[in-house]
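Report on one structure; see the data block that follows.
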Amino acid sequence: MVSNRWLVQVCRHRSCDRGGSAAVLAAFEQHQSPNILVAESDCMGQCSAGPTVKVMPGNTWYCRVTPEDVPRIVEEHLGKGELVRDRLHPRFHSVDLDTSAP
């Protein structure tokens, strides 16, 4: 699904902050536009998998996001509507990451 407008929420609670969520938020803010709203969030309840990012619409959850992941999420997910599979949170998304299987 390619939306015309996106909301990207970045958790900034303690565990995610210790994992570098401030840098993840700053990286997303570089891509903020009339179509991409970036917002800081309080705890999302996924402390063991942080930094956590949620993208709406679609209720897509990404985990262990680094600033280096952000351009790929922006280009692939927000630009093309393609999920960044290796960063999807397994608690919310069942993903078979083995693409070599027939």
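Going through the structure tokens in order, the chains are called A, B, and so on, while each chain numbers its residues from 1 and the ligands are numbered from 1 in the order shown.
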
Which of chain A DSSP labels alpha helix (DSSP H), written as a ChimeraX atom specification: /A:14-18,21-29,70-72,80

List as a Markdown table every residue of region 26-69 of chain A that is in contact with region 82-96 of chain A, defined as an atom at most 6 Å from one of its atoms (using only C-alpha atoms), together with the nearest atom pair and the distance in Å rounded to one decimal, sorted by chain and then rising number.
```
| residue | atom | partner | partner_atom | distance |
| --- | --- | --- | --- | --- |
| A:Trp61 | CA | A:His89 | CA | 5.5 |
| A:Tyr62 | CA | A:Leu88 | CA | 4.5 |
| A:Cys63 | CA | A:His89 | CA | 5.1 |
```

Now that the selection is made, can you save its residues with N, CA and C atoms as a PDB file, in the first residue's frame?
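Listed below is the output, out-v7.pdb:
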```pdb
ATOM      1  N   TRP A  61       5.045  -2.198  12.420  1.00  0.00           N
ATOM      2  CA  TRP A  61       5.984  -2.049  13.527  1.00  0.00           C
ATOM      3  C   TRP A  61       7.364  -2.509  13.090  1.00  0.00           C
ATOM      4  N   TYR A  62       8.354  -1.649  13.313  1.00  0.00           N
ATOM      5  CA  TYR A  62       9.748  -2.000  13.068  1.00  0.00           C
ATOM      6  C   TYR A  62      10.478  -2.045  14.412  1.00  0.00           C
ATOM      7  N   CYS A  63      11.432  -2.953  14.537  1.00  0.00           N
ATOM      8  CA  CYS A  63      12.173  -3.072  15.791  1.00  0.00           C
ATOM      9  C   CYS A  63      13.671  -3.016  15.534  1.00  0.00           C
TER      10      CYS A  63
END
```

Can you pull out the residues contacting region 69-73 of chain A? Cut-off 9 Å, using only C-alpha atoms, and skip same-chain residues under 2 positions away; I want them as a compact mmCIF listing (two decimals) with all heavy atoms, in the first residue's frame.
```txt
# COMPACT_ATOMS: atom_id res chain seq x y z
N VAL A 24 17.64 7.87 15.84
CA VAL A 24 16.67 7.36 14.87
C VAL A 24 15.63 8.45 14.58
O VAL A 24 15.30 8.72 13.42
CB VAL A 24 15.99 6.07 15.39
CG1 VAL A 24 14.84 5.65 14.48
CG2 VAL A 24 17.02 4.95 15.52
N ALA A 27 17.12 11.11 12.40
CA ALA A 27 17.27 10.65 11.02
C ALA A 27 15.93 10.72 10.28
O ALA A 27 15.87 11.15 9.12
CB ALA A 27 17.82 9.22 10.98
N PHE A 28 14.85 10.31 10.93
CA PHE A 28 13.53 10.41 10.30
C PHE A 28 13.13 11.87 10.09
O PHE A 28 12.52 12.20 9.08
CB PHE A 28 12.46 9.69 11.13
CG PHE A 28 12.30 8.24 10.79
CD1 PHE A 28 12.66 7.26 11.70
CD2 PHE A 28 11.78 7.82 9.56
CE1 PHE A 28 12.51 5.92 11.41
CE2 PHE A 28 11.64 6.48 9.25
CZ PHE A 28 12.00 5.52 10.18
N HIS A 31 13.70 13.56 6.89
CA HIS A 31 12.84 13.20 5.77
C HIS A 31 11.41 13.73 5.95
O HIS A 31 10.54 13.43 5.12
CB HIS A 31 12.80 11.67 5.62
CG HIS A 31 14.13 11.09 5.30
ND1 HIS A 31 14.67 11.08 4.03
CD2 HIS A 31 15.07 10.53 6.10
CE1 HIS A 31 15.86 10.52 4.05
NE2 HIS A 31 16.13 10.17 5.30
N VAL A 65 15.60 -0.57 15.22
CA VAL A 65 15.88 0.35 14.13
C VAL A 65 17.11 1.19 14.47
O VAL A 65 17.26 1.68 15.60
CB VAL A 65 14.67 1.26 13.85
CG1 VAL A 65 14.98 2.27 12.75
CG2 VAL A 65 13.45 0.42 13.49
N THR A 66 17.99 1.35 13.50
CA THR A 66 19.17 2.20 13.65
C THR A 66 19.03 3.38 12.69
O THR A 66 18.24 3.33 11.74
CB THR A 66 20.46 1.43 13.30
OG1 THR A 66 20.44 1.13 11.89
CG2 THR A 66 20.59 0.15 14.11
N PRO A 67 19.80 4.43 12.91
CA PRO A 67 19.76 5.55 11.97
C PRO A 67 20.10 5.12 10.53
O PRO A 67 19.58 5.69 9.57
CB PRO A 67 20.81 6.52 12.51
CG PRO A 67 20.89 6.21 13.96
CD PRO A 67 20.66 4.72 14.06
N GLU A 75 12.67 5.15 1.78
CA GLU A 75 12.62 4.86 0.34
C GLU A 75 11.69 3.70 0.02
O GLU A 75 10.81 3.80 -0.84
CB GLU A 75 14.02 4.56 -0.17
CG GLU A 75 14.04 4.27 -1.67
CD GLU A 75 15.44 3.95 -2.18
OE1 GLU A 75 16.43 4.41 -1.58
OE2 GLU A 75 15.52 3.24 -3.20
N GLU A 76 11.88 2.57 0.72
CA GLU A 76 11.12 1.37 0.38
C GLU A 76 9.69 1.41 0.89
O GLU A 76 8.76 1.15 0.13
CB GLU A 76 11.85 0.13 0.90
CG GLU A 76 13.17 -0.12 0.18
CD GLU A 76 13.91 -1.32 0.70
OE1 GLU A 76 13.30 -2.21 1.33
OE2 GLU A 76 15.14 -1.37 0.48
N HIS A 77 9.51 1.71 2.18
CA HIS A 77 8.16 1.67 2.74
C HIS A 77 7.36 2.92 2.38
O HIS A 77 6.28 2.82 1.81
CB HIS A 77 8.24 1.52 4.26
CG HIS A 77 6.90 1.28 4.90
ND1 HIS A 77 6.75 0.54 6.03
CD2 HIS A 77 5.65 1.70 4.59
CE1 HIS A 77 5.48 0.50 6.38
NE2 HIS A 77 4.79 1.21 5.51
N LEU A 78 7.90 4.09 2.72
CA LEU A 78 7.14 5.32 2.51
C LEU A 78 7.13 5.73 1.04
O LEU A 78 6.19 6.37 0.59
CB LEU A 78 7.71 6.44 3.37
CG LEU A 78 7.87 6.12 4.86
CD1 LEU A 78 8.35 7.35 5.61
CD2 LEU A 78 6.61 5.56 5.47
N GLY A 79 8.15 5.35 0.29
CA GLY A 79 8.21 5.72 -1.11
C GLY A 79 7.54 4.73 -2.05
O GLY A 79 6.84 5.12 -2.98
N GLU A 82 6.70 -0.82 0.07
CA GLU A 82 7.27 -2.14 0.32
C GLU A 82 7.84 -2.19 1.74
O GLU A 82 8.64 -1.34 2.12
CB GLU A 82 8.38 -2.43 -0.69
CG GLU A 82 7.90 -2.44 -2.12
CD GLU A 82 9.03 -2.51 -3.13
OE1 GLU A 82 10.20 -2.66 -2.72
OE2 GLU A 82 8.74 -2.39 -4.33
N LEU A 83 7.44 -3.19 2.50
CA LEU A 83 7.92 -3.33 3.86
C LEU A 83 9.41 -3.67 3.89
O LEU A 83 9.90 -4.39 3.02
CB LEU A 83 7.14 -4.41 4.59
CG LEU A 83 5.62 -4.19 4.69
CD1 LEU A 83 4.97 -5.36 5.42
CD2 LEU A 83 5.30 -2.87 5.37
N VAL A 84 10.09 -3.16 4.88
CA VAL A 84 11.50 -3.50 5.10
C VAL A 84 11.50 -4.73 6.00
O VAL A 84 11.44 -4.64 7.22
CB VAL A 84 12.26 -2.31 5.72
CG1 VAL A 84 13.72 -2.68 5.99
CG2 VAL A 84 12.17 -1.09 4.81
N ARG A 87 13.51 -5.66 9.32
CA ARG A 87 13.30 -4.83 10.50
C ARG A 87 11.88 -4.94 11.05
O ARG A 87 11.54 -4.33 12.05
CB ARG A 87 13.61 -3.35 10.20
CG ARG A 87 15.08 -3.06 10.13
CD ARG A 87 15.69 -3.19 11.53
NE ARG A 87 17.14 -3.18 11.46
CZ ARG A 87 17.88 -4.23 11.75
NH1 ARG A 87 17.34 -5.36 12.13
NH2 ARG A 87 19.19 -4.15 11.68
```

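Of the residues in region 4-87 of chain A, those that DSSP places in strand (DSSP E or B) on the basis of the backbone are Trp6, Leu7, Val8, Gln9, Val10, Cys11, Ser33, Ile36, Leu37, Val38, Ala39, Glu40, Ser41, Val53, Lys54, Val55, Met56, Thr60, Trp61 and Tyr62 of chain A.
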
Residue contacts of Met44 (chain A) (7 Å, only C-alpha atoms) excluding same-chain residues fewer than 2 positions away, as a ChimeraX atom specification: /A:11,42,46

Counting only C-alpha atoms, the option among A:Gly58, A:Val8, A:Gly20, A:Arg64 closest to Gly81 (chain A): A:Gly58

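In this structure, CA of Val55 (chain A) sits 6.4 Å away from CA of Gln9 (chain A).
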
Among listed residues A:Val74, A:Val10, A:Met56, A:Ala23, nearest Glu40 (chain A) (using only C-alpha atoms):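 Distance minimum relative to Glu40 (chain A) lands on A:Val10.
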
Which residue of A:Val38, A:Cys43, A:Ser48, A:His13 approaches Ala26 (chain A) most closely, using only C-alpha atoms: A:Val38

Of the listed residues A:Asn4, A:Ser41, A:Thr52, A:Asn35, that which approaches Gly19 (chain A) most closely, counting only C-alpha atoms: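 Nearest to Gly19 (chain A): A:Thr52.
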
Between CA of Leu37 (chain A) and CA of Asn59 (chain A), distance in Å (one decimal): 14.7 Å

d(CA of Arg12 (chain A), CA of Glu29 (chain A)) in Å: 13.8 Å
